[in-house]
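What follows is the content of structure31.cif (mmCIF, C-alpha atoms).
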data_upload
#
loop_
_atom_site.label_atom_id
_atom_site.label_comp_id
_atom_site.auth_asym_id
_atom_site.auth_seq_id
_atom_site.Cartn_x
_atom_site.Cartn_y
_atom_site.Cartn_z
CA MET Z 11 -4.95 2.20 -35.43
CA LYS Z 12 -3.45 4.82 -33.20
CA GLY Z 13 -3.57 3.16 -29.77
CA PHE Z 14 -2.66 5.31 -26.79
CA ALA Z 15 0.61 7.17 -26.28
CA ASP Z 16 1.00 10.02 -23.77
CA ASP Z 17 2.67 11.02 -20.51
CA ILE Z 18 0.54 8.88 -18.17
CA GLU Z 19 2.32 10.15 -15.04
CA LYS Z 20 1.55 13.79 -15.91
CA LEU Z 21 -2.04 13.01 -16.90
CA THR Z 22 -2.57 11.12 -13.63
CA GLU Z 23 -0.99 13.78 -11.43
CA GLU Z 24 -3.09 16.52 -13.05
CA ASN Z 25 -6.38 14.59 -12.94
CA THR Z 26 -9.06 15.93 -10.57
CA LEU Z 27 -11.93 13.71 -11.75
CA PHE Z 28 -13.14 10.68 -9.81
CA ARG Z 29 -13.04 8.61 -13.01
CA LYS Z 30 -11.98 9.34 -16.59
CA VAL Z 31 -11.68 6.62 -19.23
CA LEU Z 32 -8.69 7.48 -21.46
CA TYR Z 33 -8.64 4.49 -23.79
CA THR Z 34 -10.75 1.43 -24.46
CA GLY Z 35 -9.50 -1.47 -26.54
CA GLN Z 36 -11.23 -4.76 -27.18
CA ASN Z 37 -9.31 -6.46 -24.33
CA ILE Z 38 -7.98 -3.64 -22.15
CA GLN Z 39 -9.00 -0.26 -20.73
CA LEU Z 40 -7.03 2.65 -19.23
CA VAL Z 41 -8.76 4.80 -16.59
CA LEU Z 42 -7.60 7.77 -14.48
CA MET Z 43 -8.97 8.21 -10.95
CA ALA Z 44 -8.64 10.75 -8.12
CA LEU Z 45 -9.93 9.91 -4.64
CA GLN Z 46 -10.33 12.73 -2.16
CA PRO Z 47 -9.17 12.32 1.49
CA GLY Z 48 -11.35 9.69 3.17
CA GLU Z 49 -12.95 8.65 -0.12
CA GLU Z 50 -13.01 5.10 -1.46
CA ILE Z 51 -13.91 3.37 -4.69
CA GLY Z 52 -16.23 1.00 -2.85
CA GLU Z 53 -15.90 -2.74 -2.43
CA GLU Z 54 -16.36 -4.62 -5.68
CA ILE Z 55 -15.67 -7.93 -7.38
CA HIS Z 56 -14.93 -8.40 -11.08
CA ASP Z 57 -15.46 -12.10 -11.76
CA ASP Z 58 -14.23 -11.88 -15.35
CA ARG Z 59 -11.44 -9.30 -15.34
CA ASP Z 60 -8.06 -8.62 -13.78
CA GLN Z 61 -7.17 -5.09 -12.69
CA PHE Z 62 -3.87 -3.23 -12.28
CA PHE Z 63 -3.53 -0.05 -10.17
CA ARG Z 64 -0.61 2.41 -10.31
CA PHE Z 65 -0.49 5.22 -7.73
CA GLU Z 66 1.14 8.57 -8.52
CA THR Z 67 0.23 10.83 -5.55
CA GLY Z 68 -1.15 10.47 -2.04
CA GLN Z 69 -1.41 7.47 0.24
CA GLY Z 70 -4.03 4.86 0.89
CA GLU Z 71 -4.88 1.19 1.11
CA VAL Z 72 -5.94 -1.41 -1.40
CA TRP Z 73 -8.01 -4.09 0.26
CA ILE Z 74 -7.93 -7.50 -1.44
CA ASP Z 75 -10.05 -10.29 0.03
CA GLY Z 76 -9.97 -8.65 3.46
CA ALA Z 77 -6.24 -7.84 3.56
CA ALA Z 78 -5.07 -4.22 3.60
CA ASN Z 79 -2.12 -3.31 1.37
CA PRO Z 80 -0.67 0.17 2.01
CA VAL Z 81 0.01 2.24 -1.11
CA LYS Z 82 1.70 5.54 -1.92
CA ALA Z 83 3.22 7.24 -4.94
CA ASP Z 84 4.97 4.70 -7.20
CA SER Z 85 3.05 1.71 -5.75
CA GLY Z 86 1.51 -0.85 -8.08
CA VAL Z 87 -1.14 -3.45 -7.25
CA ILE Z 88 -2.75 -6.25 -9.25
CA VAL Z 89 -6.18 -7.54 -8.26
CA PRO Z 90 -6.99 -10.90 -9.85
CA ALA Z 91 -10.42 -11.69 -11.25
CA GLY Z 92 -12.81 -12.86 -8.54
CA ALA Z 93 -11.11 -11.04 -5.65
CA SER Z 94 -13.10 -8.67 -3.47
CA HIS Z 95 -11.30 -5.31 -3.46
CA ASN Z 96 -11.51 -1.66 -2.52
CA VAL Z 97 -9.20 1.37 -2.74
CA VAL Z 98 -9.33 3.85 0.15
CA ASN Z 99 -7.61 7.23 0.45
CA THR Z 100 -6.18 7.30 3.99
CA GLY Z 101 -4.14 10.47 3.46
CA THR Z 102 -4.71 14.22 3.57
CA GLU Z 103 -4.29 14.89 -0.17
CA PRO Z 104 -5.91 13.36 -3.25
CA LEU Z 105 -4.93 9.77 -4.05
CA ARG Z 106 -4.28 9.88 -7.80
CA LEU Z 107 -3.95 6.68 -9.78
CA TYR Z 108 -4.52 5.00 -13.07
CA THR Z 109 -5.99 1.57 -13.49
CA VAL Z 110 -5.94 -0.92 -16.31
CA TYR Z 111 -8.80 -3.38 -16.72
CA GLY Z 112 -8.59 -6.49 -18.86
CA PRO Z 113 -11.19 -6.78 -20.37
CA PRO Z 114 -12.74 -3.26 -20.19
CA GLU Z 115 -15.20 -2.38 -17.41
CA HIS Z 116 -16.64 1.06 -18.35
CA LEU Z 117 -18.19 2.70 -21.39
CA ASP Z 118 -15.56 4.31 -23.60
CA GLY Z 119 -15.22 8.04 -22.86
CA THR Z 120 -16.83 7.81 -19.41
CA ILE Z 121 -16.21 10.81 -17.17
CA HIS Z 122 -17.49 10.89 -13.59
CA THR Z 123 -16.62 14.10 -11.77
CA THR Z 124 -17.46 12.68 -8.34
CA LYS Z 125 -17.98 9.30 -6.68
CA ALA Z 126 -21.69 10.12 -6.21
CA GLU Z 127 -21.99 10.65 -9.97
CA ALA Z 128 -20.19 7.33 -10.62
CA ASP Z 129 -22.42 5.46 -8.14
CA ALA Z 130 -25.55 6.80 -9.84
CA ALA Z 131 -24.39 5.92 -13.37
CA HIS Z 132 -24.49 2.08 -13.30
CA GLU Z 133 -22.78 1.97 -16.71
CA HIS Z 134 -20.74 -0.94 -18.03
CA PHE Z 135 -18.66 -1.64 -21.14
CA ASP Z 136 -20.90 -2.17 -24.16
CA GLY Z 137 -18.32 -3.48 -26.65
CA ARG Z 138 -17.58 -0.10 -28.28
CA THR Z 139 -13.89 0.79 -28.30
CA THR Z 140 -11.98 4.06 -28.67
CA GLU Z 141 -11.09 3.30 -32.28
#

Full structure transcribed into C-alpha cells:
Amino acid sequence: MKGFADDIEKLTEENTLFRKVLYTGQNIQLVLMALQPGEEIGEEIHDDRDQFFRFETGQGEVWIDGAANPVKADSGVIVPAGASHNVVNTGTEPLRLYTVYGPPEHLDGTIHTTKAEADAAHEHFDGRTTE
C-alpha cells in the first residue's frame, strides 16, 4: 500500500477545481475544493460521516446547524455526523480548502470543474478505493 503523501498546502493553493478527490481509503477520503467568490457548497447533512475542513486561501463562513463560523487561511473546522452544514465564500478571491470525510463520500477519482457539474453528478462512494 502506498497511501497518500504530498504537499497538501501547495496542492490546495494551486487547485482551481470545485472538487477533486485525491485519495479514497476504506474509512477516509481526501478532497480538494475551490469556491469562487459568492459560491457555496450547498447545505447538506451526512448522517453517517464526520467531516474536517482546512482552509488555505480566501475567507468565508462554515454554517453548522444554523450558526455561522468565520473562516480564513489556516482555519480548521470539524462538522460532526448529523449536523446540517454549508461552506460559503464571502470574500473576493477563491476560498481554497481540503476536506477529509470519514467514511468516504464521493467516488474515487471524482473531478468536478464547477459547482453546476457537481450538482448534476449525484455520485456517491461505491466502495472502490484508490488502491

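Reported to one decimal place, the separation of atom CA of Ala93 of chain Z from atom CA of Asp57 of chain Z is 7.6 Å.
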
request  = Mind checking which residues fall within 8 Å of segment 125-131 of chain Z, counting only C-alpha atoms, ignoring those fewer than 4 positions away in the same chain, and posting them as an NGL selection string?
outcome  = :Z and (28-29 or 51)

request  = Would you work out the distance separating atom CA of Gly48 of chain Z from atom CA of His134 of chain Z, expressed in Å to one decimal?
outcome  = 25.5 Å

query = Which distance in Å separates atom CA of Ile88 of chain Z and atom CA of Phe63 of chain Z, to one decimal?
reply =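 Value for the atom CA of Ile88 of chain Z-atom CA of Phe63 of chain Z distance: 6.3 Å.
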
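Taking all atoms listed in the file into account, Gln39 of chain Z lies nearest to Z:Arg59 out of the set Z:Lys20, Z:Arg106, Z:His122, Z:Arg59.
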
key: Residue members of the PyMOL selection byres ((chain Z and resi 50) around 6) in the file shown, as a ChimeraX atom specification   = /Z:49,51-52,97-98

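Compared by their closest atoms to Thr124 of chain Z, and using all atoms listed in the file, the residues Z:Leu107, Z:Ser94, Z:Gln69, Z:Met43 rank with Z:Met43 nearest.
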
Reference answer for the PyMOL selection byres ((chain Z and resi 41) around 8), as a ChimeraX atom specification = /Z:29-33,39-40,42-43,108-110

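Put simply, the PyMOL selection byres ((chain Z and resi 100) around 12) in this file takes in Leu45, Gln46, Pro47, Gly48, Glu49, Glu50, Gly68, Gln69, Gly70, Glu71, Val72, Ala78, Asn79, Pro80, Val81, Lys82, Val97, Val98, Asn99, Gly101, Thr102, Glu103, Pro104 and Leu105 of chain Z.
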
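Proximity of Z:Trp73, Z:Phe14, Z:Phe135, Z:Tyr111 to Ala91 of chain Z, computed with only C-alpha atoms, is greatest for Z:Tyr111.
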
task = Counting only C-alpha atoms, figure out which residue out of Z:Gly112, Z:His95, Z:Gly35, Z:Phe62 gets nearest to Ala77 of chain Z.
result =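 Counting only C-alpha atoms, the residue closest to Ala77 of chain Z is Z:His95.
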
What does segment 11-36 of chain Z look like written to a file with C-alpha atoms, as a PDB file, in the first residue's frame?
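Wrote it out as result-v8.pdb, contents follow:
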ATOM      1  CA  MET Z  11       0.000   0.000   0.000  1.00  0.00           C
ATOM      2  CA  LYS Z  12       1.232   3.447  -0.836  1.00  0.00           C
ATOM      3  CA  GLY Z  13      -1.292   5.689   0.952  1.00  0.00           C
ATOM      4  CA  PHE Z  14      -1.082   9.403   0.257  1.00  0.00           C
ATOM      5  CA  ALA Z  15       1.955  11.617   0.805  1.00  0.00           C
ATOM      6  CA  ASP Z  16       2.323  15.044  -0.823  1.00  0.00           C
ATOM      7  CA  ASP Z  17       2.438  18.780  -0.105  1.00  0.00           C
ATOM      8  CA  ILE Z  18      -1.261  19.255   0.697  1.00  0.00           C
ATOM      9  CA  GLU Z  19      -0.882  23.011   1.236  1.00  0.00           C
ATOM     10  CA  LYS Z  20       0.635  23.504  -2.227  1.00  0.00           C
ATOM     11  CA  LEU Z  21      -1.912  21.218  -3.897  1.00  0.00           C
ATOM     12  CA  THR Z  22      -4.763  23.088  -2.192  1.00  0.00           C
ATOM     13  CA  GLU Z  23      -3.438  26.559  -3.014  1.00  0.00           C
ATOM     14  CA  GLU Z  24      -2.958  25.612  -6.687  1.00  0.00           C
ATOM     15  CA  ASN Z  25      -6.340  23.899  -7.084  1.00  0.00           C
ATOM     16  CA  THR Z  26      -8.877  25.643  -9.348  1.00  0.00           C
ATOM     17  CA  LEU Z  27     -11.457  22.827  -9.476  1.00  0.00           C
ATOM     18  CA  PHE Z  28     -14.682  22.893  -7.485  1.00  0.00           C
ATOM     19  CA  ARG Z  29     -13.999  19.332  -6.293  1.00  0.00           C
ATOM     20  CA  LYS Z  30     -11.135  16.883  -6.814  1.00  0.00           C
ATOM     21  CA  VAL Z  31     -10.870  13.604  -4.908  1.00  0.00           C
ATOM     22  CA  LEU Z  32      -7.168  12.974  -4.180  1.00  0.00           C
ATOM     23  CA  TYR Z  33      -7.363   9.775  -2.155  1.00  0.00           C
ATOM     24  CA  THR Z  34     -10.013   7.303  -1.080  1.00  0.00           C
ATOM     25  CA  GLY Z  35      -9.400   4.731   1.623  1.00  0.00           C
ATOM     26  CA  GLN Z  36     -11.884   2.301   3.098  1.00  0.00           C
TER      27      GLN Z  36
END
